>>> print(open('entry.tsv').read())   # TSV, N, CA and C atoms and all ligand atoms
chain	number	residue	atom	x	y	z
A	1	MET	N	-55.93	8.25	6.41
A	1	MET	CA	-54.56	8.46	6.82
A	1	MET	C	-54.00	9.76	6.27
A	2	ALA	N	-54.37	10.17	5.09
A	2	ALA	CA	-53.74	11.31	4.44
A	2	ALA	C	-53.85	12.59	5.26
A	3	SER	N	-54.92	12.76	6.03
A	3	SER	CA	-55.08	14.00	6.78
A	3	SER	C	-54.48	13.90	8.18
A	4	SER	N	-54.01	12.74	8.55
A	4	SER	CA	-53.50	12.56	9.90
A	4	SER	C	-52.06	13.05	10.03
A	5	THR	N	-51.75	13.57	11.21
A	5	THR	CA	-50.35	13.90	11.50
A	5	THR	C	-49.87	13.08	12.68
A	6	LYS	N	-50.67	12.15	13.14
A	6	LYS	CA	-50.32	11.34	14.30
A	6	LYS	C	-49.74	10.02	13.81
A	7	PRO	N	-48.43	9.81	13.93
A	7	PRO	CA	-47.80	8.61	13.40
A	7	PRO	C	-48.36	7.31	13.96
A	8	GLY	N	-48.84	7.32	15.18
A	8	GLY	CA	-49.35	6.08	15.77
A	8	GLY	C	-50.49	5.47	14.99
A	9	CYS	N	-51.20	6.28	14.23
A	9	CYS	CA	-52.32	5.76	13.46
A	9	CYS	C	-51.87	5.01	12.22
A	10	CYS	N	-50.56	5.00	11.94
A	10	CYS	CA	-50.06	4.46	10.67
A	10	CYS	C	-49.55	3.04	10.78
A	11	SER	N	-49.89	2.33	11.87
A	11	SER	CA	-49.34	0.98	12.00
A	11	SER	C	-49.80	0.07	10.87
A	12	LEU	N	-51.03	0.27	10.40
A	12	LEU	CA	-51.51	-0.53	9.27
A	12	LEU	C	-50.68	-0.21	8.03
A	13	SER	N	-50.39	1.07	7.82
A	13	SER	CA	-49.57	1.46	6.67
A	13	SER	C	-48.18	0.86	6.76
A	14	VAL	N	-47.61	0.82	7.96
A	14	VAL	CA	-46.28	0.23	8.14
A	14	VAL	C	-46.34	-1.26	7.79
A	15	THR	N	-47.43	-1.92	8.18
A	15	THR	CA	-47.60	-3.33	7.85
A	15	THR	C	-47.70	-3.52	6.34
A	16	ILE	N	-48.45	-2.64	5.69
A	16	ILE	CA	-48.60	-2.74	4.23
A	16	ILE	C	-47.26	-2.49	3.55
A	17	ILE	N	-46.52	-1.50	4.05
A	17	ILE	CA	-45.21	-1.22	3.47
A	17	ILE	C	-44.29	-2.44	3.62
A	18	GLY	N	-44.32	-3.09	4.78
A	18	GLY	CA	-43.52	-4.30	4.97
A	18	GLY	C	-43.92	-5.40	4.01
A	19	ARG	N	-45.21	-5.52	3.77
A	19	ARG	CA	-45.69	-6.53	2.81
A	19	ARG	C	-45.19	-6.20	1.41
A	20	ASP	N	-45.24	-4.90	1.04
A	20	ASP	CA	-44.73	-4.47	-0.26
A	20	ASP	C	-43.25	-4.81	-0.41
A	21	HIS	N	-42.47	-4.56	0.65
A	21	HIS	CA	-41.03	-4.86	0.58
A	21	HIS	C	-40.81	-6.33	0.30
A	22	ALA	N	-41.57	-7.19	0.97
A	22	ALA	CA	-41.43	-8.64	0.76
A	22	ALA	C	-41.81	-9.02	-0.67
A	23	GLU	N	-42.88	-8.39	-1.17
A	23	GLU	CA	-43.32	-8.69	-2.54
A	23	GLU	C	-42.26	-8.25	-3.56
A	24	ILE	N	-41.72	-7.05	-3.36
A	24	ILE	CA	-40.69	-6.54	-4.27
A	24	ILE	C	-39.43	-7.41	-4.19
A	25	ALA	N	-39.04	-7.80	-2.98
A	25	ALA	CA	-37.86	-8.67	-2.82
A	25	ALA	C	-38.07	-9.99	-3.54
A	26	GLY	N	-39.28	-10.53	-3.46
A	26	GLY	CA	-39.58	-11.79	-4.15
A	26	GLY	C	-39.45	-11.65	-5.65
A	27	MET	N	-39.94	-10.53	-6.19
A	27	MET	CA	-39.83	-10.31	-7.64
A	27	MET	C	-38.38	-10.14	-8.06
A	28	LEU	N	-37.60	-9.42	-7.24
A	28	LEU	CA	-36.17	-9.25	-7.56
A	28	LEU	C	-35.45	-10.60	-7.56
A	29	GLN	N	-35.76	-11.43	-6.59
A	29	GLN	CA	-35.12	-12.75	-6.53
A	29	GLN	C	-35.53	-13.61	-7.73
A	30	GLU	N	-36.79	-13.53	-8.13
A	30	GLU	CA	-37.26	-14.29	-9.28
A	30	GLU	C	-36.57	-13.80	-10.56
A	31	LEU	N	-36.45	-12.47	-10.70
A	31	LEU	CA	-35.75	-11.93	-11.88
A	31	LEU	C	-34.28	-12.35	-11.88
A	32	ASP	N	-33.66	-12.37	-10.71
A	32	ASP	CA	-32.26	-12.80	-10.61
A	32	ASP	C	-32.13	-14.26	-11.07
A	33	LEU	N	-33.07	-15.08	-10.65
A	33	LEU	CA	-33.07	-16.49	-11.07
A	33	LEU	C	-33.28	-16.59	-12.58
A	34	GLN	N	-34.21	-15.80	-13.10
A	34	GLN	CA	-34.48	-15.83	-14.54
A	34	GLN	C	-33.26	-15.35	-15.34
A	35	ALA	N	-32.56	-14.34	-14.81
A	35	ALA	CA	-31.35	-13.86	-15.50
A	35	ALA	C	-30.29	-14.94	-15.52
A	36	SER	N	-30.16	-15.67	-14.43
A	36	SER	CA	-29.10	-16.69	-14.34
A	36	SER	C	-29.42	-17.93	-15.17
A	37	THR	N	-30.68	-18.11	-15.53
A	37	THR	CA	-31.06	-19.28	-16.33
A	37	THR	C	-31.40	-18.88	-17.77
A	38	ALA	N	-31.08	-17.63	-18.13
A	38	ALA	CA	-31.32	-17.15	-19.49
A	38	ALA	C	-32.77	-17.34	-19.92
A	39	ALA	N	-33.69	-17.00	-19.02
A	39	ALA	CA	-35.12	-17.12	-19.35
A	39	ALA	C	-35.46	-16.19	-20.51
A	40	PRO	N	-36.41	-16.59	-21.34
A	40	PRO	CA	-36.77	-15.74	-22.50
A	40	PRO	C	-37.47	-14.46	-22.06
A	41	SER	N	-37.42	-13.47	-22.92
A	41	SER	CA	-38.02	-12.17	-22.60
A	41	SER	C	-39.53	-12.27	-22.42
A	42	THR	N	-40.14	-13.30	-22.99
A	42	THR	CA	-41.58	-13.47	-22.79
A	42	THR	C	-41.89	-13.75	-21.32
A	43	ARG	N	-40.91	-14.24	-20.58
A	43	ARG	CA	-41.09	-14.46	-19.13
A	43	ARG	C	-40.56	-13.28	-18.32
A	44	THR	N	-39.41	-12.73	-18.74
A	44	THR	CA	-38.79	-11.69	-17.92
A	44	THR	C	-39.48	-10.33	-18.08
A	45	ASP	N	-39.94	-10.00	-19.27
A	45	ASP	CA	-40.53	-8.68	-19.51
A	45	ASP	C	-41.76	-8.42	-18.65
A	46	PRO	N	-42.72	-9.36	-18.60
A	46	PRO	CA	-43.90	-9.10	-17.75
A	46	PRO	C	-43.53	-8.93	-16.27
A	47	LEU	N	-42.58	-9.72	-15.80
A	47	LEU	CA	-42.19	-9.61	-14.39
A	47	LEU	C	-41.47	-8.29	-14.13
A	48	LEU	N	-40.65	-7.87	-15.07
A	48	LEU	CA	-39.96	-6.58	-14.91
A	48	LEU	C	-40.98	-5.43	-14.90
A	49	ARG	N	-41.98	-5.51	-15.78
A	49	ARG	CA	-43.03	-4.46	-15.79
A	49	ARG	C	-43.78	-4.46	-14.46
A	50	GLU	N	-44.07	-5.65	-13.95
A	50	GLU	CA	-44.79	-5.75	-12.67
A	50	GLU	C	-43.93	-5.22	-11.52
A	51	LEU	N	-42.63	-5.51	-11.57
A	51	LEU	CA	-41.71	-4.98	-10.54
A	51	LEU	C	-41.73	-3.45	-10.55
A	52	ILE	N	-41.66	-2.86	-11.73
A	52	ILE	CA	-41.65	-1.40	-11.82
A	52	ILE	C	-42.98	-0.83	-11.34
A	53	ARG	N	-44.08	-1.42	-11.76
A	53	ARG	CA	-45.40	-0.93	-11.34
A	53	ARG	C	-45.54	-1.01	-9.82
A	54	THR	N	-45.20	-2.15	-9.25
A	54	THR	CA	-45.32	-2.35	-7.81
A	54	THR	C	-44.41	-1.41	-7.03
A	55	THR	N	-43.18	-1.26	-7.52
A	55	THR	CA	-42.21	-0.41	-6.82
A	55	THR	C	-42.65	1.05	-6.84
A	56	LEU	N	-43.09	1.56	-7.99
A	56	LEU	CA	-43.50	2.96	-8.07
A	56	LEU	C	-44.74	3.21	-7.22
A	57	SER	N	-45.66	2.26	-7.21
A	57	SER	CA	-46.84	2.38	-6.36
A	57	SER	C	-46.44	2.40	-4.89
A	58	HIS	N	-45.51	1.54	-4.54
A	58	HIS	CA	-45.01	1.48	-3.17
A	58	HIS	C	-44.34	2.79	-2.77
A	59	PHE	N	-43.52	3.33	-3.66
A	59	PHE	CA	-42.86	4.61	-3.35
A	59	PHE	C	-43.90	5.71	-3.12
A	60	ALA	N	-44.95	5.72	-3.94
A	60	ALA	CA	-45.99	6.75	-3.80
A	60	ALA	C	-46.69	6.64	-2.44
A	61	VAL	N	-46.98	5.41	-2.02
A	61	VAL	CA	-47.62	5.20	-0.71
A	61	VAL	C	-46.69	5.67	0.41
A	62	GLU	N	-45.44	5.27	0.33
A	62	GLU	CA	-44.48	5.67	1.36
A	62	GLU	C	-44.34	7.19	1.43
A	63	GLU	N	-44.25	7.82	0.28
A	63	GLU	CA	-44.05	9.27	0.26
A	63	GLU	C	-45.30	10.00	0.77
A	64	ALA	N	-46.48	9.49	0.45
A	64	ALA	CA	-47.71	10.08	0.99
A	64	ALA	C	-47.75	9.94	2.51
A	65	MET	N	-47.31	8.79	2.97
A	65	MET	CA	-47.29	8.55	4.41
A	65	MET	C	-46.28	9.47	5.10
A	66	MET	N	-45.14	9.66	4.50
A	66	MET	CA	-44.13	10.57	5.08
A	66	MET	C	-44.66	12.00	5.12
A	67	GLU	N	-45.37	12.38	4.08
A	67	GLU	CA	-45.94	13.73	4.05
A	67	GLU	C	-47.02	13.87	5.12
A	68	ALA	N	-47.86	12.87	5.25
A	68	ALA	CA	-48.96	12.91	6.23
A	68	ALA	C	-48.43	12.98	7.66
A	69	THR	N	-47.27	12.36	7.88
A	69	THR	CA	-46.70	12.34	9.23
A	69	THR	C	-45.66	13.44	9.43
A	70	ARG	N	-45.45	14.23	8.40
A	70	ARG	CA	-44.51	15.35	8.46
A	70	ARG	C	-43.10	14.89	8.85
A	71	TYR	N	-42.66	13.87	8.16
A	71	TYR	CA	-41.32	13.31	8.39
A	71	TYR	C	-40.28	14.33	7.93
A	72	GLU	N	-39.38	14.71	8.86
A	72	GLU	CA	-38.47	15.82	8.58
A	72	GLU	C	-37.51	15.56	7.42
A	73	VAL	N	-37.08	14.32	7.25
A	73	VAL	CA	-36.10	14.04	6.19
A	73	VAL	C	-36.72	13.26	5.02
A	74	ALA	N	-38.01	13.55	4.79
A	74	ALA	CA	-38.69	12.91	3.65
A	74	ALA	C	-37.99	13.26	2.34
A	75	TRP	N	-37.47	14.47	2.25
A	75	TRP	CA	-36.80	14.90	1.01
A	75	TRP	C	-35.63	13.97	0.70
A	76	PHE	N	-34.90	13.56	1.74
A	76	PHE	CA	-33.74	12.68	1.54
A	76	PHE	C	-34.21	11.28	1.13
A	77	HIS	N	-35.26	10.82	1.77
A	77	HIS	CA	-35.82	9.51	1.47
A	77	HIS	C	-36.30	9.46	0.00
A	78	ARG	N	-36.94	10.56	-0.43
A	78	ARG	CA	-37.42	10.62	-1.82
A	78	ARG	C	-36.25	10.55	-2.81
A	79	LEU	N	-35.09	11.09	-2.44
A	79	LEU	CA	-33.92	10.98	-3.33
A	79	LEU	C	-33.56	9.51	-3.58
A	80	GLY	N	-33.64	8.70	-2.53
A	80	GLY	CA	-33.38	7.27	-2.68
A	80	GLY	C	-34.38	6.63	-3.62
A	81	HIS	N	-35.65	7.02	-3.47
A	81	HIS	CA	-36.69	6.49	-4.37
A	81	HIS	C	-36.41	6.91	-5.82
A	82	GLN	N	-35.99	8.15	-6.00
A	82	GLN	CA	-35.73	8.64	-7.36
A	82	GLN	C	-34.55	7.89	-7.98
A	83	LEU	N	-33.52	7.64	-7.18
A	83	LEU	CA	-32.37	6.87	-7.68
A	83	LEU	C	-32.83	5.49	-8.15
A	84	MET	N	-33.61	4.81	-7.33
A	84	MET	CA	-34.05	3.46	-7.71
A	84	MET	C	-35.02	3.49	-8.89
A	85	THR	N	-35.84	4.53	-8.97
A	85	THR	CA	-36.73	4.67	-10.13
A	85	THR	C	-35.89	4.80	-11.40
A	86	ASN	N	-34.86	5.63	-11.35
A	86	ASN	CA	-33.98	5.79	-12.51
A	86	ASN	C	-33.27	4.49	-12.86
A	87	GLN	N	-32.84	3.75	-11.83
A	87	GLN	CA	-32.17	2.47	-12.08
A	87	GLN	C	-33.13	1.49	-12.76
A	88	LEU	N	-34.37	1.45	-12.28
A	88	LEU	CA	-35.35	0.52	-12.87
A	88	LEU	C	-35.64	0.88	-14.32
A	89	ARG	N	-35.79	2.18	-14.59
A	89	ARG	CA	-36.07	2.60	-15.97
A	89	ARG	C	-34.87	2.31	-16.88
A	90	ALA	N	-33.66	2.49	-16.36
A	90	ALA	CA	-32.46	2.18	-17.14
A	90	ALA	C	-32.39	0.68	-17.42
A	91	LEU	N	-32.72	-0.12	-16.43
A	91	LEU	CA	-32.72	-1.58	-16.64
A	91	LEU	C	-33.74	-1.96	-17.71
A	92	ALA	N	-34.95	-1.40	-17.61
A	92	ALA	CA	-35.98	-1.73	-18.59
A	92	ALA	C	-35.53	-1.33	-20.00
A	93	ALA	N	-34.93	-0.15	-20.13
A	93	ALA	CA	-34.47	0.31	-21.45
A	93	ALA	C	-33.35	-0.60	-21.97
A	94	SER	N	-32.43	-0.99	-21.10
A	94	SER	CA	-31.32	-1.86	-21.53
A	94	SER	C	-31.82	-3.25	-21.88
A	95	CYS	N	-32.81	-3.72	-21.14
A	95	CYS	CA	-33.36	-5.05	-21.41
A	95	CYS	C	-34.08	-5.09	-22.76
A	96	ARG	N	-34.66	-3.97	-23.17
A	96	ARG	CA	-35.32	-3.95	-24.48
A	96	ARG	C	-34.30	-4.15	-25.60
A	97	LYS	N	-33.06	-3.77	-25.34
A	97	LYS	CA	-32.01	-3.92	-26.36
A	97	LYS	C	-31.30	-5.28	-26.25
A	98	GLY	N	-31.00	-5.68	-24.99
A	98	GLY	CA	-30.14	-6.85	-24.85
A	98	GLY	C	-30.67	-7.98	-23.98
A	99	GLY	N	-31.87	-7.85	-23.45
A	99	GLY	CA	-32.40	-8.91	-22.61
A	99	GLY	C	-31.88	-8.83	-21.18
A	100	LEU	N	-32.54	-9.55	-20.30
A	100	LEU	CA	-32.21	-9.47	-18.88
A	100	LEU	C	-30.85	-10.09	-18.57
A	101	GLN	N	-30.55	-11.21	-19.20
A	101	GLN	CA	-29.28	-11.88	-18.89
A	101	GLN	C	-28.09	-10.97	-19.19
A	102	GLN	N	-28.18	-10.21	-20.28
A	102	GLN	CA	-27.09	-9.30	-20.65
A	102	GLN	C	-26.99	-8.11	-19.68
A	103	ASN	N	-28.04	-7.91	-18.90
A	103	ASN	CA	-28.08	-6.77	-17.98
A	103	ASN	C	-28.16	-7.20	-16.51
A	104	ALA	N	-27.65	-8.38	-16.25
A	104	ALA	CA	-27.71	-8.91	-14.89
A	104	ALA	C	-26.94	-8.01	-13.91
A	105	HIS	N	-25.91	-7.33	-14.40
A	105	HIS	CA	-25.15	-6.43	-13.52
A	105	HIS	C	-26.03	-5.26	-13.05
A	106	LEU	N	-26.90	-4.77	-13.95
A	106	LEU	CA	-27.81	-3.68	-13.55
A	106	LEU	C	-28.85	-4.20	-12.57
A	107	LEU	N	-29.34	-5.40	-12.83
A	107	LEU	CA	-30.30	-6.01	-11.90
A	107	LEU	C	-29.67	-6.17	-10.52
A	108	ASN	N	-28.41	-6.62	-10.48
A	108	ASN	CA	-27.74	-6.79	-9.18
A	108	ASN	C	-27.58	-5.46	-8.45
A	109	LEU	N	-27.33	-4.41	-9.20
A	109	LEU	CA	-27.22	-3.06	-8.60
A	109	LEU	C	-28.57	-2.66	-7.97
A	110	ILE	N	-29.65	-2.95	-8.68
A	110	ILE	CA	-30.98	-2.62	-8.16
A	110	ILE	C	-31.31	-3.46	-6.92
A	111	ILE	N	-30.94	-4.74	-6.97
A	111	ILE	CA	-31.18	-5.61	-5.81
A	111	ILE	C	-30.44	-5.04	-4.58
A	112	GLU	N	-29.20	-4.66	-4.78
A	112	GLU	CA	-28.43	-4.09	-3.67
A	112	GLU	C	-29.05	-2.78	-3.19
A	113	SER	N	-29.44	-1.91	-4.13
A	113	SER	CA	-30.06	-0.63	-3.77
A	113	SER	C	-31.33	-0.86	-2.95
A	114	HIS	N	-32.15	-1.83	-3.38
A	114	HIS	CA	-33.40	-2.11	-2.68
A	114	HIS	C	-33.13	-2.53	-1.24
A	115	PHE	N	-32.24	-3.49	-1.06
A	115	PHE	CA	-32.01	-4.01	0.30
A	115	PHE	C	-31.34	-2.97	1.20
A	116	VAL	N	-30.43	-2.20	0.64
A	116	VAL	CA	-29.79	-1.14	1.44
A	116	VAL	C	-30.81	-0.08	1.84
A	117	HIS	N	-31.69	0.29	0.90
A	117	HIS	CA	-32.71	1.30	1.20
A	117	HIS	C	-33.67	0.81	2.29
A	118	VAL	N	-34.12	-0.43	2.17
A	118	VAL	CA	-35.04	-0.99	3.17
A	118	VAL	C	-34.35	-1.05	4.53
A	119	LYS	N	-33.09	-1.48	4.53
A	119	LYS	CA	-32.36	-1.64	5.79
A	119	LYS	C	-32.02	-0.30	6.43
A	120	ASN	N	-31.85	0.74	5.64
A	120	ASN	CA	-31.45	2.03	6.18
A	120	ASN	C	-32.60	3.04	6.21
A	121	GLU	N	-32.94	3.63	5.07
A	121	GLU	CA	-33.94	4.70	5.05
A	121	GLU	C	-35.31	4.24	5.54
A	122	ASP	N	-35.76	3.08	5.05
A	122	ASP	CA	-37.09	2.62	5.46
A	122	ASP	C	-37.12	2.26	6.95
A	123	GLN	N	-36.05	1.64	7.42
A	123	GLN	CA	-36.00	1.31	8.85
A	123	GLN	C	-35.92	2.58	9.70
A	124	ASP	N	-35.16	3.56	9.24
A	124	ASP	CA	-35.09	4.83	9.97
A	124	ASP	C	-36.48	5.45	10.10
A	125	TYR	N	-37.23	5.42	9.01
A	125	TYR	CA	-38.57	6.00	9.04
A	125	TYR	C	-39.48	5.23	10.00
A	126	THR	N	-39.41	3.92	9.95
A	126	THR	CA	-40.23	3.10	10.85
A	126	THR	C	-39.88	3.38	12.31
A	127	LEU	N	-38.60	3.49	12.61
A	127	LEU	CA	-38.18	3.80	13.98
A	127	LEU	C	-38.65	5.20	14.38
A	128	TRP	N	-38.58	6.15	13.47
A	128	TRP	CA	-39.04	7.52	13.74
A	128	TRP	C	-40.53	7.50	14.03
A	129	LEU	N	-41.30	6.75	13.23
A	129	LEU	CA	-42.74	6.65	13.46
A	129	LEU	C	-43.03	6.10	14.87
A	130	GLY	N	-42.28	5.07	15.24
A	130	GLY	CA	-42.48	4.48	16.58
A	130	GLY	C	-42.18	5.47	17.68
A	131	ALA	N	-41.07	6.22	17.50
A	131	ALA	CA	-40.70	7.21	18.52
A	131	ALA	C	-41.75	8.30	18.61
A	132	MET	N	-42.28	8.75	17.49
A	132	MET	CA	-43.31	9.80	17.49
A	132	MET	C	-44.60	9.31	18.14
A	133	ALA	N	-44.91	8.05	17.93
A	133	ALA	CA	-46.14	7.49	18.50
A	133	ALA	C	-46.06	7.39	20.02
A	134	ARG	N	-44.83	7.24	20.55
A	134	ARG	CA	-44.65	7.12	22.00
A	134	ARG	C	-44.65	8.47	22.71
A	135	ARG	N	-44.59	9.56	21.95
A	135	ARG	CA	-44.53	10.90	22.58
A	135	ARG	C	-45.86	11.25	23.20
A	201	FE	FE	-38.54	3.98	0.96
>>> encode(input="entry.tsv", output="structure tokens", more="lines below")
Ligand SMILES: [Fe+2]
Amino acid sequence: MASSTKPGCCSLSVTIIGRDHAEIAGMLQELDLQASTAAPSTRTDPLLRELIRTTLSHFAVEEAMMEATRYEVAWFHRLGHQLMTNQLRALAASCRKGGLQQNAHLLNLIIESHFVHVKNEDQDYTLWLGAMARR
């Protein structure tokens, strides 16, 4: 895929990206539940680390795909990824001091950022890919 410029070849990548979104959403929902039930850090820390690892890996795949398909507004999309990366790192740093429950407001901000990004930027890219494939 990396050498391709034909978006139609990326349907498998779009499927994988959709699977990643579902996996990330599931982890966010689980963390939200853990925050609301004051779960111990022995449970929340590993899941938070896994969320960050999965999210950063997902961003890298998406950005490689945008580069391979020469997406015109990839630069803007990457800004959204950078914002969420910074939010995740801030949450992890705050959780090391005060735990997840004390930082539920930051988690809620990340949850909102994730869903807005998927609904807007990611959907825009998917629609652009479809339009390019039909040309
Ligand atoms: Fe994205």
>>> closest_atom_pairs(input="entry.tsv", of="chain A", to="ligand FE 201 (chain A)", cutoff="6.5 Å", atoms="all atoms listed in the file", output="Markdown table")
| residue | atom | partner | partner_atom | distance |
| --- | --- | --- | --- | --- |
| A:Phe59 | CA | A:FE201 | FE | 6.1 |
| A:Glu62 | CA | A:FE201 | FE | 6.2 |
| A:His77 | C | A:FE201 | FE | 6.0 |
| A:His81 | N | A:FE201 | FE | 6.1 |
| A:His117 | C | A:FE201 | FE | 6.0 |
| A:Val118 | N | A:FE201 | FE | 6.4 |
| A:Glu121 | C | A:FE201 | FE | 5.6 |
| A:Asp122 | CA | A:FE201 | FE | 4.9 |
>>> atom_distance(input="entry.tsv", atom1="CA of Met132 in chain A", atom2="atom C of His21 in chain A")
23.7 Å
>>> closest_residue(input="entry.tsv", among="A:Met84, A:Val14, A:Ala39, A:Val61", to="Phe115 in chain A", atoms="only C-alpha atoms")
A:Met84
>>> atom_distance(input="entry.tsv", atom1="CA of Leu100 in chain A", atom2="atom N of Ala35 in chain A")
6.4 Å
>>> closest_residue(input="entry.tsv", among="A:Arg19, A:Pro40, A:Met27, A:Phe76", to="Asn120 in chain A", atoms="only C-alpha atoms")
A:Phe76
>>> atom_distance(input="entry.tsv", atom1="atom C of Trp75 in chain A", atom2="CA of Arg135 in chain A")
23.8 Å
>>> residues_near_point(input="entry.tsv", point="(-41.9, -6.6, -3.5)", cutoff="10 Å", atoms="only C-alpha atoms", output="PyMOL selection string")
chain A and resi 17-29+50-52+54-55+58+114
>>> write_last_selection(input="entry.tsv", atoms="N, CA and C atoms", output="short mmCIF file (atom, residue, chain, number, x, y, z; two decimals), keeping the file's coordinate frame")
data_model
loop_
_atom_site.label_atom_id
_atom_site.label_comp_id
_atom_site.auth_asym_id
_atom_site.auth_seq_id
_atom_site.Cartn_x
_atom_site.Cartn_y
_atom_site.Cartn_z
N ILE A 17 -46.52 -1.50 4.05
CA ILE A 17 -45.21 -1.22 3.47
C ILE A 17 -44.29 -2.44 3.62
N GLY A 18 -44.32 -3.09 4.78
CA GLY A 18 -43.52 -4.30 4.97
C GLY A 18 -43.92 -5.40 4.01
N ARG A 19 -45.21 -5.52 3.77
CA ARG A 19 -45.69 -6.53 2.81
C ARG A 19 -45.19 -6.20 1.41
N ASP A 20 -45.24 -4.90 1.04
CA ASP A 20 -44.73 -4.47 -0.26
C ASP A 20 -43.25 -4.81 -0.41
N HIS A 21 -42.47 -4.56 0.65
CA HIS A 21 -41.03 -4.86 0.58
C HIS A 21 -40.81 -6.33 0.30
N ALA A 22 -41.57 -7.19 0.97
CA ALA A 22 -41.43 -8.64 0.76
C ALA A 22 -41.81 -9.02 -0.67
N GLU A 23 -42.88 -8.39 -1.17
CA GLU A 23 -43.32 -8.69 -2.54
C GLU A 23 -42.26 -8.25 -3.56
N ILE A 24 -41.72 -7.05 -3.36
CA ILE A 24 -40.69 -6.54 -4.27
C ILE A 24 -39.43 -7.41 -4.19
N ALA A 25 -39.04 -7.80 -2.98
CA ALA A 25 -37.86 -8.67 -2.82
C ALA A 25 -38.07 -9.99 -3.54
N GLY A 26 -39.28 -10.53 -3.46
CA GLY A 26 -39.58 -11.79 -4.15
C GLY A 26 -39.45 -11.65 -5.65
N MET A 27 -39.94 -10.53 -6.19
CA MET A 27 -39.83 -10.31 -7.64
C MET A 27 -38.38 -10.14 -8.06
N LEU A 28 -37.60 -9.42 -7.24
CA LEU A 28 -36.17 -9.25 -7.56
C LEU A 28 -35.45 -10.60 -7.56
N GLN A 29 -35.76 -11.43 -6.59
CA GLN A 29 -35.12 -12.75 -6.53
C GLN A 29 -35.53 -13.61 -7.73
N GLU A 50 -44.07 -5.65 -13.95
CA GLU A 50 -44.79 -5.75 -12.67
C GLU A 50 -43.93 -5.22 -11.52
N LEU A 51 -42.63 -5.51 -11.57
CA LEU A 51 -41.71 -4.98 -10.54
C LEU A 51 -41.73 -3.45 -10.55
N ILE A 52 -41.66 -2.86 -11.73
CA ILE A 52 -41.65 -1.40 -11.82
C ILE A 52 -42.98 -0.83 -11.34
N THR A 54 -45.20 -2.15 -9.25
CA THR A 54 -45.32 -2.35 -7.81
C THR A 54 -44.41 -1.41 -7.03
N THR A 55 -43.18 -1.26 -7.52
CA THR A 55 -42.21 -0.41 -6.82
C THR A 55 -42.65 1.05 -6.84
N HIS A 58 -45.51 1.54 -4.54
CA HIS A 58 -45.01 1.48 -3.17
C HIS A 58 -44.34 2.79 -2.77
N HIS A 114 -32.15 -1.83 -3.38
CA HIS A 114 -33.40 -2.11 -2.68
C HIS A 114 -33.13 -2.53 -1.24
#
>>> closest_residue(input="entry.tsv", among="A:Pro46, A:Leu56, A:His105, A:Gly99", to="Thr85 in chain A", atoms="only N, CA and C atoms")
A:Leu56
>>> decode(input="entry.tsv", residues="range 50-61 of chain A", atoms="N, CA and C atoms", output="short mmCIF file (atom, residue, chain, number, x, y, z; two decimals), in the first residue's frame")
data_model
loop_
_atom_site.label_atom_id
_atom_site.label_comp_id
_atom_site.auth_asym_id
_atom_site.auth_seq_id
_atom_site.Cartn_x
_atom_site.Cartn_y
_atom_site.Cartn_z
N GLU A 50 -2.33 0.83 27.10
CA GLU A 50 -2.76 0.13 25.88
C GLU A 50 -3.54 1.08 24.96
N LEU A 51 -4.36 1.95 25.56
CA LEU A 51 -5.09 2.95 24.75
C LEU A 51 -4.10 3.85 24.02
N ILE A 52 -3.09 4.32 24.71
CA ILE A 52 -2.11 5.22 24.08
C ILE A 52 -1.35 4.48 22.99
N ARG A 53 -0.91 3.27 23.27
CA ARG A 53 -0.16 2.49 22.27
C ARG A 53 -1.02 2.26 21.03
N THR A 54 -2.25 1.82 21.22
CA THR A 54 -3.15 1.53 20.10
C THR A 54 -3.47 2.79 19.31
N THR A 55 -3.72 3.88 20.02
CA THR A 55 -4.08 5.13 19.35
C THR A 55 -2.92 5.67 18.52
N LEU A 56 -1.71 5.68 19.07
CA LEU A 56 -0.57 6.20 18.33
C LEU A 56 -0.26 5.32 17.12
N SER A 57 -0.40 4.01 17.28
CA SER A 57 -0.20 3.10 16.15
C SER A 57 -1.25 3.37 15.06
N HIS A 58 -2.47 3.57 15.50
CA HIS A 58 -3.56 3.87 14.57
C HIS A 58 -3.31 5.18 13.82
N PHE A 59 -2.87 6.20 14.54
CA PHE A 59 -2.57 7.48 13.88
C PHE A 59 -1.48 7.30 12.84
N ALA A 60 -0.46 6.51 13.16
CA ALA A 60 0.65 6.30 12.22
C ALA A 60 0.15 5.61 10.94
N VAL A 61 -0.72 4.62 11.10
CA VAL A 61 -1.28 3.92 9.93
C VAL A 61 -2.11 4.89 9.08
#
